[in-house]
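Down below is the structure, laid out as structure tokens.
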Amino acid sequence: MKYLHTRITEVTYPARDHALLRFAAAAEDIPAVPGEFVMIRGDWGCHPVLPRAFSLVESGAHGAVLVKAIGPGTQLLESMKVDDELVVFGALGKGYRIDDSGLRPVLVAGGVGVAPLLFLARELAARGQRPLFLYGAGTEHDLPLADEIAEVAELIITTEDGSVGEQGLITAPLQRALQDGADSIVYTCGPNGMLKAVAGVSQSHNTPCQVALEAPMACGMGTCKGCAVPIPDGSFKYVCYDGPVFDAEVIYGAADE
Amino acid sequence: MKYLHTRITEVTYPARDHALLRFAAAAEDIPAVPGEFVMIRGDWGCHPVLPRAFSLVESGAHGAVLVKAIGPGTQLLESMKVDDELVVFGALGKGYRIDDSGLRPVLVAGGVGVAPLLFLARELAARGQRPLFLYGAGTEHDLPLADEIAEVAELIITTEDGSVGEQGLITAPLQRALQDGADSIVYTCGPNGMLKAVAGVSQSHNTPCQVALEAPMACGMGTCKGCAVPIPDGSFKYVCYDGPVFDAEVIYGAADE
Amino acid sequence: MVPLMSERLRTSLGPLTLANPFVNASGTYGYGVEYASFVDVARLGGVSVKGISLLPRPGNSPPRTCETSAGMLNSIGLANIGIDVFLAETLPQLRELGVTVIVNTFATSIEDFVELAARFDNETGIAALELNISCPNVHAGGMHFGVSGAAAAEVTGAVRAVTDLPLMVKLSPEAGDIGEVARGVESAGADMISMINTIRGMVIDVDRRRPMLGQKMGGMSGPAIKPLGVRMVYEVFQQVSIPIIGMGGIASLRDALEYLMAGATAVQVGTANYSEPGISLRLADELEAWCSERDLTVTDLVGCAQGD
Amino acid sequence: MVPLMSERLRTSLGPLTLANPFVNASGTYGYGVEYASFVDVARLGGVSVKGISLLPRPGNSPPRTCETSAGMLNSIGLANIGIDVFLAETLPQLRELGVTVIVNTFATSIEDFVELAARFDNETGIAALELNISCPNVHAGGMHFGVSGAAAAEVTGAVRAVTDLPLMVKLSPEAGDIGEVARGVESAGADMISMINTIRGMVIDVDRRRPMLGQKMGGMSGPAIKPLGVRMVYEVFQQVSIPIIGMGGIASLRDALEYLMAGATAVQVGTANYSEPGISLRLADELEAWCSERDLTVTDLVGCAQGD
Ligand SMILES: Cc1cc2nc3c(=O)[nH]c(=O)nc-3n(C[C@H](O)[C@H](O)[C@H](O)COP(=O)(O)OP(=O)(O)OC[C@H]3O[C@@H](n4cnc5c(N)ncnc54)[C@H](O)[C@@H]3O)c2cc1C
Ligand SMILES: Cc1cc2nc3c(=O)[nH]c(=O)nc-3n(C[C@H](O)[C@H](O)[C@H](O)COP(=O)(O)OP(=O)(O)OC[C@H]3O[C@@H](n4cnc5c(N)ncnc54)[C@H](O)[C@@H]3O)c2cc1C
Ligand SMILES: Cc1cc2nc3c(=O)[nH]c(=O)nc-3n(C[C@H](O)[C@H](O)[C@H](O)COP(=O)(O)O)c2cc1C
Ligand SMILES: Cc1cc2nc3c(=O)[nH]c(=O)nc-3n(C[C@H](O)[C@H](O)[C@H](O)COP(=O)(O)O)c2cc1C
Ligand code: FES
Ligand code: FES
């Protein structure tokens with residue numbers, strides 16, 4: 001774990017309101033597994049004060065994150081240019097625990113949840129697997145990095161408005177996939193509502209499922225106690241260091257609960 | 001007086017850390033005399049909260065201001081691009097009262113104080129006069145708009161480091177100019193210390209002098225009572241509506257005080 | 001554009017009804033008349049004029065303003081024209097313009113507050129009287145009335161006795177227990193509470209090694225203080241039954257909604273007027289649109305974030 | 001890089017001497033040990049650990065943080081591991097790392113404050129004890145001790161009686177009269193004052209029409225509150241003779257200089273750690289450079305903006 005005063009080395013715009021920022025980071029600086037994240041803040045003065053959490057899209061000599069502009073922090077980051085300064089802090093948290101028992105990987109992404117799952121899909125490809133990748137969004141403009149995914153995975157897209165792929169929610173192709181009988185494992189990342197639905201479908205097929213949660217964060221490393229999520233037994237888990245990736249039962253309880 | 005939600009139509013960089021911003025404004029929107037100013041704020045969120053005061057560089061179908069980046073507000077403005085939004089409010093205050101009794105105009109600018117004086121020099125040129133323009137700065141990079149001035153005035157430059165023009169302070173050529181016997185009037189704008197020195201030299205030659213002051217401002221139009229400056233009789237003048245241009249004696253007192 | 005009287009936006013504060021909930025805050029909009037040439041001041045919910053005292057005041061030694069992170073300090077010192085000039089010259093103009101006038105008054109003694117109120121009571125064209133018992137920028141008196149329930153009640157009661165004007169008392173966030181002060185002014189006969197005034201802060205010029213302001217300290221306003229104001233409105237709403245006019249850092253529709261939902265029946269806009277002198281009318285238009293999309297009225301919103 | 005002991009930066013707070021004036025503030029740096037792999041925590045002026053209570057606390061219902069203009073709210077609820085685990089596991093690590101440890105403690109009764117102090121008094125490796133009598137995020141007790149001079153003096157005196165550790169009492173900006181509280185804790189035997197803790201604020205989520213935080217209110221920190229902290233340090237400096245550790249919104253060298261010039265002998269850095277966990281060391285380096293350019297020491301700066 002490191003914090004770096006670094007600079008943006010490349011910016012691309014993979015979809016409307018999305019930027020892929022790449023920053024200088026020696027290979028040894030940010031070793032990461034898919035699902036791990038960094039806290040990032042630009043040199044933008046007193047507002048907003050807190051850094052923002054972003055999943056790493058890849059590991060290596062450069063860090064890269066996908067930013068969707070939804071509020072003040074992400075708008076500032078999305079409008080940054082090559083050579084702008086960043087403070088980057090990471091890699092943080094616990095990523096996906098990649099199954100090595102031969103289960104078929106099914107990756108389910110919603111919106112910017114695609115970021116860690118592209119990283120995961122590439123890891124799996126590097127291990128010789130070609131995962132099934134279900135990618136859902138509201139509309140065609142919210143599907144960044146779909147081409148990159150198609151290179152390493154079997155891609156199925158759904159949009160709520162039907163502008164690309166199947167019309168509807170991502171749980172429909174997930175139902176179909178898990179019904180085909182193959183022993184699978186689900187890795188998912190996206191809005192909290194979607195995660196819960198994906199976990200529910202997985203559970204109904206007795207399929208293990210790992211969810212990557214979001215929570216408002218300050219420190220990103222377990223010291224502020226800000227990112228608590230309540231779990232079924234009444235205690236709390238901390239997204240930044242117990243997660244962000246959890247086994248679905250830890251968060252939503254086992255089937256009979 | 002108007003406030004406009006407008007956009008930047010042109011940006012040029014007449015010197016390092018300086019930007020000349022032009023914004024859309026119908027001719028009737030910002031009628032101004034030299035020395036009048038506008039309050040400007042960009043669409044930059046909650047910090048800084050107050051608009052910033054800038055002298056108009058010209059009047060007409062487009063407003064134009066010269067911005068020197070010295071703090072958070074001016075840095076944000078200096079980095080703005082064509083089409084960025086501005087709220088512009090003006091023209092405000094009382095400008096230079098142009099002498100029409102035949103005195104020789106001597107304009108004395110320090111740094112960004114050049115902005116209203118370029119406007120004034122052009123007005124004088126339009127009336128068929130070619131004023132003497134004394135322009136002082138710390139160094140060669142702090143002399144924006146010198147070429148434009150040379151078109152309409154007889155220009156003498158001083159820099160403290162001698163990198164361009166005469167080495168020294170602007171009061172030296174002013175002394176010489178006022179010693180040559182012609183009946184003159186001095187119009188000046190620049191840092192408060194310089195203004196006081198210019199007023200002193202003018203007074204010692206019994207030459208009328210108008211100074212354009214700066215003060216921290218909130219409203220720019222006389223309602224907040226923020227921009228008070230104490231005057232010799234113990235009362236206050238308000239820079240935004242009693243000024244920014246004052247007869248030097250009003251601020252510094254008459255010779256025998 | 002919002003009509004002068006939109007059913008959705010009309011808001012009732014006991015004896016005072018406003019066409020819309022946006023009032024410009026005292027000290028940030030002069031006497032209102034200065035803006036008449038380019039803002040339709042009659043369409044504003046109201047204008048709370050710069051605090052008026054018995055005698056004109058020149059104000060404090062400069063610098064009088066400086067900026068802070070997402071806020072500003074001021075130490076104006078209640079510079080104002082005094083009641084005589086206000087009544088002779090300004091009030092007639094405001095009447096002429098059709099402005100809903102809230103007269104903000106300031107004094108350092110109960111007697112002076114009473115005298116001010118008694119004189120305003122005789123005038124027409126005043127919609128409400130606002131007692132500033134909470135200004136941090138004057139040496140004598142001023143905030144002292146605003147930091148204890150008993151003192152606040154005393155001055156409120158004395159003023160109540162001499163005027164039938166709708167009476168609004170403006171609270172200070174510096175009270176150790178703002179709820180106690182609110183209950184005090186309610187029990188003493190205030191019709192409404194306005195809150196919050198500024199909270200004292202200091203900026204030091206590290207180059208000069210001296211406080212930035214001539215008076216050293218100044219009252220902080222602007223977005224930085226909004227969470228304090230919203231919290232205090234939320235608390236006071238639970239403790240009094242008279243209406244609250246919320247303020248502190250309002251610069252957008254969302255900010256105003258926060259105050260309404262916390263329990264304010266109307267709001268005041270202060271510092272934001274400096275960057276956009278017509279902001280209140282813009283926000284009124286935006287609120288009209290927001291409410292009509294959801295088929296809500298302002299009254300439906302008041303205090304709707306309370307509970308649970 | 002600042003050496004561990006720079007003559008310019010060394011600062012003396014009565015019984016406590018710090019190698020440099022930058023202490024990381026309680027609740028914003030965990031127990032310090034978490035940062036040891038990438039921040040040279042021994043070089044920090046000190047670390048004030050997350051507030052420790054007798055029993056472990058799970059904390060409040062989420063969401064626990066949200067942002068405000070140039071600031072943030074937190075309603076963590078003093079989630080902490082409790083004194084037993086701290087003494088058994090954490091303190092030995094801190095000793096090992098060579099950290100200057102300030103133990104921030106929290107309790108809801110005087111008895112519990114005393115018990116905590118008595119237990120810490122027996123331990124080695126504790127540079128000072130900081131009493132948090134000012135946390136806004138707990139229902140019982142907590143801030144009540146911090147808002148009155150008498151209550152603050154009572155808890156300070158009771159703790160003083162059981163410990164010889166350097167004793168720092170942390171004040172709340174919500175006291176109606178913070179100077180009175182400061183004088184109270186000084187007279188009761190505190191060696192130092194740290195100030196300010198957070199001030200309660202609220203943000204409302206206008207889409208959900210509910211407060212953003214699970215606990216509704218939270219303590220505000222960050223640049224937005226800096227002018228309050230500087231003003232209060234400036235005021236308290238005139239009323240007590242024990243040293244003050246200033247905090248609230250420090251995020252740059254200039255911010256730290258403002259506090260020192262207002263009268264603080266050292267400072268704490270809180271919220272800014274989140275964006276840059278090594279910020280205190282960077283600021284120490286910058287302060288060393290600033291002072292040596294001017295041939296000044298930290299001690300020369302303390303309170304230098306007072307006067308006139
Ligand atoms: C572990 C983790 C990984 C993430 N990875 C990515 C990523 O790869 N790409 C990406 O674009 N975004 C990612 N996010 C989300 C990103 O951090 C938020 O979008 C960002 O913090 C919003 O900041 P803002 O200032 O733009 O908006 P804000 O004003 O802070 O928020 C705008 C809206 O989003 C909500 N919100 C803010 N922060 C969060 C949060 N952390 N969780 C849930 N809701 C929030 C707010 O309540 C508000 O409704 C991740 C978050 C976490 C916790
Ligand atoms: C009538 C008038 C006309 C002006 N015309 C121009 C112009 O044409 N071009 C231009 O570049 N600037 C002009 N200025 C100055 C300009 O308004 C300030 O530079 C600007 O407000 C600084 O804002 P900031 O946020 O960048 O810096 P801040 O952080 O606000 O200030 C940086 C430094 O400047 C000082 N300062 C800030 N505002 C003022 C002020 N108004 N007067 C004196 N000192 C101040 C601060 O104390 C600080 O030391 C004018 C000012 C006035 C009052
Ligand atoms: C420059 C200035 C002058 C003020 N003068 C007064 C005043 O005369 N009377 C008063 O009651 N409040 C006065 N206030 C306080 C405001 O009315 C308001 O309570 C405060 O600024 C918070 O609102 P805001 O954050 O929207 O500005 C003044 C505020 C500012 C910024
Ligand atoms: C998330 C968080 C948790 C905090 N927890 C504590 C605490 O346990 N004990 C304490 O005395 N102060 C606590 N504080 C207050 C800080 O120590 C500090 O007083 C305050 O944040 C102001 O400083 P800042 O603006 O630099 O953050 C906490 C602050 C934050 C932001
Ligand atoms: S974000 Fe601080 S503990 Fe998780
Ligand atoms: S800036 Fe408000 S009165 Fe001059």
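Letters A, B, ... go to the chains of the structure tokens in the order shown; residues in each chain start at 1; ligands are counted from 1 in the same order.
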Residues of chain A near chain C: apply a cut-off of 9 Å, count only C-alpha atoms, and supply the list as a list in words. Gly45, Cys46 and His47 of chain A
Writing out the chosen residues with N, CA and C atoms as a short mmCIF file (atom, residue, chain, number, x, y, z; two decimals), in the first residue's frame:
```cif
data_model
loop_
_atom_site.label_atom_id
_atom_site.label_comp_id
_atom_site.auth_asym_id
_atom_site.auth_seq_id
_atom_site.Cartn_x
_atom_site.Cartn_y
_atom_site.Cartn_z
N GLY A 45 -8.16 22.21 -4.39
CA GLY A 45 -8.54 23.13 -3.33
C GLY A 45 -9.43 22.50 -2.28
N CYS A 46 -10.28 23.32 -1.68
CA CYS A 46 -10.94 22.89 -0.44
C CYS A 46 -12.24 22.14 -0.64
N HIS A 47 -12.70 21.98 -1.86
CA HIS A 47 -13.97 21.28 -2.02
C HIS A 47 -13.99 20.42 -3.25
#
```
Can you list every residue of chain A that has an atom at most 12 Å from chain B, with its nearest atom pair and the distance in Å to one decimal, using only C-alpha atoms, ordered by chain then number, as CSV?
```
residue,atom,partner,partner_atom,distance
A:Trp44,CA,B:Pro72,CA,10.1
A:Gly45,CA,B:Pro72,CA,8.5
A:Cys46,CA,B:His47,CA,7.6
A:His47,CA,B:His47,CA,7.2
A:Pro48,CA,B:Cys46,CA,9.5
A:Val49,CA,B:His47,CA,11.9
A:Gly71,CA,B:Gly45,CA,11.4
A:Pro72,CA,B:Gly45,CA,8.5
A:Gly73,CA,B:Gly45,CA,11.4
A:Gln75,CA,B:Trp44,CA,11.4
A:Leu76,CA,B:Trp44,CA,10.4
```
Within 12 Å of Arg176 in chain B, counting only C-alpha atoms, which residues qualify if same-chain residues fewer than 6 places away don't, as a short mmCIF file (atom, residue, chain, number, x, y, z; two decimals) with N, CA and C atoms, in the first residue's frame?
```cif
data_model
loop_
_atom_site.label_atom_id
_atom_site.label_comp_id
_atom_site.auth_asym_id
_atom_site.auth_seq_id
_atom_site.Cartn_x
_atom_site.Cartn_y
_atom_site.Cartn_z
N VAL B 106 -1.70 62.43 -18.68
CA VAL B 106 -0.60 61.53 -18.36
C VAL B 106 -1.20 60.34 -17.63
N LEU B 132 0.35 60.69 -22.93
CA LEU B 132 1.58 60.07 -22.45
C LEU B 132 1.18 58.92 -21.54
N LEU B 134 2.66 56.09 -18.98
CA LEU B 134 3.79 55.56 -18.21
C LEU B 134 3.36 54.22 -17.63
N ILE B 156 6.02 54.94 -22.26
CA ILE B 156 7.30 54.80 -21.56
C ILE B 156 7.14 53.68 -20.54
N ILE B 170 8.04 53.87 -11.68
CA ILE B 170 7.34 54.70 -12.64
C ILE B 170 7.33 56.17 -12.23
N ALA B 182 4.37 71.57 -19.08
CA ALA B 182 3.03 71.51 -19.67
C ALA B 182 1.99 71.30 -18.58
N VAL B 201 3.69 62.74 -6.14
CA VAL B 201 4.44 63.45 -7.18
C VAL B 201 3.53 64.46 -7.87
N SER B 202 2.32 64.06 -8.19
CA SER B 202 1.39 64.97 -8.87
C SER B 202 1.13 66.19 -8.01
N HIS B 205 3.64 68.83 -7.97
CA HIS B 205 3.65 69.67 -9.17
C HIS B 205 2.31 70.37 -9.39
#
```
Mind listing the helix (DSSP H, G or I) residues of range 197-269 of chain D, per DSSP on the backbone, as a list in words?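 Selecting the helix (DSSP H, G or I) positions of range 197-269 of chain D gives Pro223, Ala224, Ile225, Lys226, Pro227, Leu228, Gly229, Val230, Arg231, Met232, Val233, Tyr234, Glu235, Val236, Phe237, Leu253, Arg254, Asp255, Ala256, Leu257, Glu258, Tyr259, Leu260, Met261 and Ala262 of chain D.
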Let me have all residues with an atom within 9 Å of ligand 6, counting only C-alpha atoms and all ligand atoms, laid out as a list in words. Ala215, Pro216, Met217, Ala218, Cys219, Gly220, Met221, Gly222, Thr223, Cys224, Lys225, Gly226, Cys227, Ala228, Tyr238, Val239, Cys240, Tyr241 and Asp242 of chain B; Thr28, Gly30 and Tyr274 of chain C
Using only C-alpha atoms and all ligand atoms, tabulate the residues of chain C lying at most 6 Å from any atom of ligand 3, each with its closest atom pair and that distance in Å to one decimal, by chain and increasing residue number, as JSON lines.
```
{"residue": "C:Ala25", "atom": "CA", "partner": "ligand 3", "partner_atom_place_in_ligand_line": "17 (O)", "distance": 4.2}
{"residue": "C:Ser26", "atom": "CA", "partner": "ligand 3", "partner_atom_place_in_ligand_line": "17 (O)", "distance": 4.0}
{"residue": "C:Gly27", "atom": "CA", "partner": "ligand 3", "partner_atom_place_in_ligand_line": "5 (N)", "distance": 3.3}
{"residue": "C:Thr28", "atom": "CA", "partner": "ligand 3", "partner_atom_place_in_ligand_line": "2 (C)", "distance": 5.3}
{"residue": "C:Lys50", "atom": "CA", "partner": "ligand 3", "partner_atom_place_in_ligand_line": "8 (O)", "distance": 4.6}
{"residue": "C:Gly51", "atom": "CA", "partner": "ligand 3", "partner_atom_place_in_ligand_line": "8 (O)", "distance": 3.8}
{"residue": "C:Asn74", "atom": "CA", "partner": "ligand 3", "partner_atom_place_in_ligand_line": "1 (C)", "distance": 5.3}
{"residue": "C:Leu78", "atom": "CA", "partner": "ligand 3", "partner_atom_place_in_ligand_line": "8 (O)", "distance": 5.2}
{"residue": "C:Asn132", "atom": "CA", "partner": "ligand 3", "partner_atom_place_in_ligand_line": "11 (O)", "distance": 4.6}
{"residue": "C:Ile196", "atom": "CA", "partner": "ligand 3", "partner_atom_place_in_ligand_line": "19 (O)", "distance": 5.4}
{"residue": "C:Asn197", "atom": "CA", "partner": "ligand 3", "partner_atom_place_in_ligand_line": "19 (O)", "distance": 3.6}
{"residue": "C:Thr198", "atom": "CA", "partner": "ligand 3", "partner_atom_place_in_ligand_line": "20 (C)", "distance": 4.9}
{"residue": "C:Ser221", "atom": "CA", "partner": "ligand 3", "partner_atom_place_in_ligand_line": "25 (O)", "distance": 3.9}
{"residue": "C:Gly222", "atom": "CA", "partner": "ligand 3", "partner_atom_place_in_ligand_line": "25 (O)", "distance": 3.6}
{"residue": "C:Met247", "atom": "CA", "partner": "ligand 3", "partner_atom_place_in_ligand_line": "23 (O)", "distance": 5.1}
{"residue": "C:Gly248", "atom": "CA", "partner": "ligand 3", "partner_atom_place_in_ligand_line": "25 (O)", "distance": 3.5}
{"residue": "C:Gly249", "atom": "CA", "partner": "ligand 3", "partner_atom_place_in_ligand_line": "25 (O)", "distance": 3.5}
{"residue": "C:Ile250", "atom": "CA", "partner": "ligand 3", "partner_atom_place_in_ligand_line": "26 (O)", "distance": 5.1}
{"residue": "C:Val269", "atom": "CA", "partner": "ligand 3", "partner_atom_place_in_ligand_line": "26 (O)", "distance": 4.5}
{"residue": "C:Gly270", "atom": "CA", "partner": "ligand 3", "partner_atom_place_in_ligand_line": "26 (O)", "distance": 3.3}
{"residue": "C:Thr271", "atom": "CA", "partner": "ligand 3", "partner_atom_place_in_ligand_line": "27 (O)", "distance": 3.6}
```
Requested write-out: N, CA and C atoms of the selected residues, as a compact mmCIF listing (two decimals), in the first residue's frame:
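Written output follows (out_11.txt):
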```txt
# COMPACT_ATOMS: atom_id res chain seq x y z
N ALA C 25 -31.72 38.33 2.63
CA ALA C 25 -31.33 38.46 4.02
C ALA C 25 -30.74 39.84 4.33
N SER C 26 -30.97 40.25 5.53
CA SER C 26 -30.51 41.56 5.97
C SER C 26 -29.00 41.71 5.82
N GLY C 27 -28.60 42.86 5.32
CA GLY C 27 -27.18 43.17 5.20
C GLY C 27 -26.58 42.73 3.90
N THR C 28 -27.35 41.96 3.13
CA THR C 28 -26.80 41.45 1.88
C THR C 28 -27.55 41.98 0.68
N LYS C 50 -31.12 46.13 5.42
CA LYS C 50 -29.93 46.26 6.26
C LYS C 50 -30.36 46.73 7.65
N GLY C 51 -29.79 46.12 8.70
CA GLY C 51 -30.18 46.43 10.07
C GLY C 51 -30.20 47.92 10.37
N ASN C 74 -17.52 38.84 7.59
CA ASN C 74 -17.73 40.27 7.50
C ASN C 74 -17.71 40.88 8.89
N LEU C 78 -22.63 47.00 11.17
CA LEU C 78 -23.97 47.57 11.06
C LEU C 78 -24.00 49.00 10.56
N ASN C 132 -32.71 41.89 15.28
CA ASN C 132 -31.39 41.27 15.22
C ASN C 132 -30.78 41.32 16.61
N ILE C 196 -30.06 31.17 10.67
CA ILE C 196 -29.15 31.65 11.68
C ILE C 196 -28.45 32.92 11.19
N ASN C 197 -28.05 33.74 12.16
CA ASN C 197 -27.13 34.83 11.86
C ASN C 197 -25.74 34.22 11.67
N THR C 198 -24.77 35.05 11.45
CA THR C 198 -23.41 34.55 11.24
C THR C 198 -22.79 34.06 12.55
N SER C 221 -20.41 33.54 6.96
CA SER C 221 -21.64 33.23 6.23
C SER C 221 -21.27 32.44 4.99
N GLY C 222 -22.27 32.01 4.25
CA GLY C 222 -22.01 31.28 3.01
C GLY C 222 -22.14 29.77 3.17
N MET C 247 -31.97 30.21 7.23
CA MET C 247 -30.93 30.78 6.36
C MET C 247 -29.55 30.35 6.82
N GLY C 248 -28.59 30.62 5.93
CA GLY C 248 -27.20 30.24 6.16
C GLY C 248 -26.74 29.42 4.98
N GLY C 249 -26.06 30.06 4.04
CA GLY C 249 -25.44 29.32 2.95
C GLY C 249 -26.33 28.91 1.81
N ILE C 250 -27.52 29.43 1.71
CA ILE C 250 -28.38 29.01 0.59
C ILE C 250 -27.86 29.62 -0.72
N VAL C 269 -31.95 34.39 1.77
CA VAL C 269 -30.74 34.20 0.96
C VAL C 269 -29.84 35.40 1.21
N GLY C 270 -28.62 35.13 1.63
CA GLY C 270 -27.71 36.22 1.97
C GLY C 270 -26.54 36.34 1.02
N THR C 271 -25.43 35.74 1.42
CA THR C 271 -24.17 35.87 0.69
C THR C 271 -24.31 35.59 -0.81
```
With only C-alpha atoms and all ligand atoms counted, collect every polymer residue having an atom within 9 Å of ligand 2; state the result as a PyMOL selection string. (chain B and resi 18-19+35-39+48+50-57+65-77+92-93+111-116+191-192+212-217+220+227+239-240+243-245) or (chain C and resi 66-67+205+207+212)
Should the cut-off be 8 Å, what would the residue list for chain C against chain D look like, counting only C-alpha atoms, as a ChimeraX atom specification? /C:68-71,147,174-177,199-206,209-211,217,220,223-225,227-232,254,257-258,261-262,304-306
Write the selection just made, keeping C-alpha atoms, as a PDB file, in the first residue's frame?
```
ATOM      1  CA  THR C  68     -12.849  31.598   3.894  1.00  0.00           C
ATOM      2  CA  SER C  69     -13.227  28.103   2.471  1.00  0.00           C
ATOM      3  CA  ALA C  70     -16.710  28.148   0.920  1.00  0.00           C
ATOM      4  CA  GLY C  71     -17.628  31.168   2.979  1.00  0.00           C
ATOM      5  CA  VAL C 147     -27.115  33.858  23.602  1.00  0.00           C
ATOM      6  CA  GLU C 174     -23.482  30.995  19.063  1.00  0.00           C
ATOM      7  CA  ALA C 175     -26.080  30.352  21.750  1.00  0.00           C
ATOM      8  CA  GLY C 176     -24.950  27.395  23.832  1.00  0.00           C
ATOM      9  CA  ASP C 177     -28.509  26.070  23.540  1.00  0.00           C
ATOM     10  CA  ILE C 199     -20.974  32.777  13.559  1.00  0.00           C
ATOM     11  CA  ARG C 200     -17.744  34.539  14.480  1.00  0.00           C
ATOM     12  CA  GLY C 201     -14.570  33.450  12.780  1.00  0.00           C
ATOM     13  CA  MET C 202     -11.069  34.746  12.155  1.00  0.00           C
ATOM     14  CA  VAL C 203      -8.639  34.603   9.279  1.00  0.00           C
ATOM     15  CA  ILE C 204      -5.012  35.470   9.881  1.00  0.00           C
ATOM     16  CA  ASP C 205      -2.886  37.012   7.167  1.00  0.00           C
ATOM     17  CA  VAL C 206       0.242  34.952   7.711  1.00  0.00           C
ATOM     18  CA  ARG C 209       1.064  38.081  11.023  1.00  0.00           C
ATOM     19  CA  ARG C 210      -2.135  39.896  11.906  1.00  0.00           C
ATOM     20  CA  PRO C 211      -5.839  39.124  11.626  1.00  0.00           C
ATOM     21  CA  MET C 217     -13.092  38.770  13.966  1.00  0.00           C
ATOM     22  CA  MET C 220     -18.998  33.797   8.899  1.00  0.00           C
ATOM     23  CA  PRO C 223     -22.123  27.585   2.060  1.00  0.00           C
ATOM     24  CA  ALA C 224     -19.635  26.622   4.785  1.00  0.00           C
ATOM     25  CA  ILE C 225     -22.230  27.279   7.503  1.00  0.00           C
ATOM     26  CA  PRO C 227     -24.983  22.336   7.747  1.00  0.00           C
ATOM     27  CA  LEU C 228     -25.073  24.310  11.013  1.00  0.00           C
ATOM     28  CA  GLY C 229     -28.131  26.256   9.946  1.00  0.00           C
ATOM     29  CA  VAL C 230     -29.999  23.184   8.721  1.00  0.00           C
ATOM     30  CA  ARG C 231     -29.198  21.292  11.912  1.00  0.00           C
ATOM     31  CA  MET C 232     -30.347  24.158  14.087  1.00  0.00           C
ATOM     32  CA  ARG C 254     -31.281  22.019  -3.121  1.00  0.00           C
ATOM     33  CA  LEU C 257     -35.131  22.487  -0.038  1.00  0.00           C
ATOM     34  CA  GLU C 258     -32.890  21.285   2.764  1.00  0.00           C
ATOM     35  CA  MET C 261     -37.519  19.957   4.732  1.00  0.00           C
ATOM     36  CA  ALA C 262     -35.708  20.559   8.024  1.00  0.00           C
ATOM     37  CA  CYS C 304     -40.942  16.692   5.891  1.00  0.00           C
ATOM     38  CA  ALA C 305     -37.469  15.367   6.796  1.00  0.00           C
ATOM     39  CA  GLN C 306     -38.422  15.278  10.457  1.00  0.00           C
TER      40      GLN C 306
END
```
Please report the interatomic distance between CA of Ile40 in chain B and CA of Ser275 in chain C in Å with one decimal.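 The value is 7.6 Å.
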Enumerate as JSON, numbers by chain all residues of range 7-238 of chain C assigned to strand (DSSP E or B) by DSSP on the backbone, naming them with the chain letters and numbers the document uses. {"C": [11, 12, 13, 16, 17, 18, 22, 23, 24, 46, 47, 48, 52, 57, 65, 66, 67, 68, 71, 72, 73, 74, 80, 101, 102, 103, 104, 105, 128, 129, 130, 131, 132, 167, 168, 169, 170, 192, 193, 194, 195, 199, 200, 201, 202, 204, 205, 210, 211, 213, 216, 217, 218, 219, 220, 221]}
For Ala36 in chain C, which residue among C:Val101, C:Met192, C:Gly157, C:Gly278 is the nearest when counting only C-alpha atoms?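 Residue with the minimum atom-to-atom distance to Ala36 in chain C: C:Gly278.
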Show which residues sit within 12 Å of Ala197 in chain B, as a PyMOL selection string. Count only C-alpha atoms, and ignore same-chain residues fewer than 2 positions away. chain B and resi 108+110+169-172+174-175+188-195+199-204+209+211+248+252
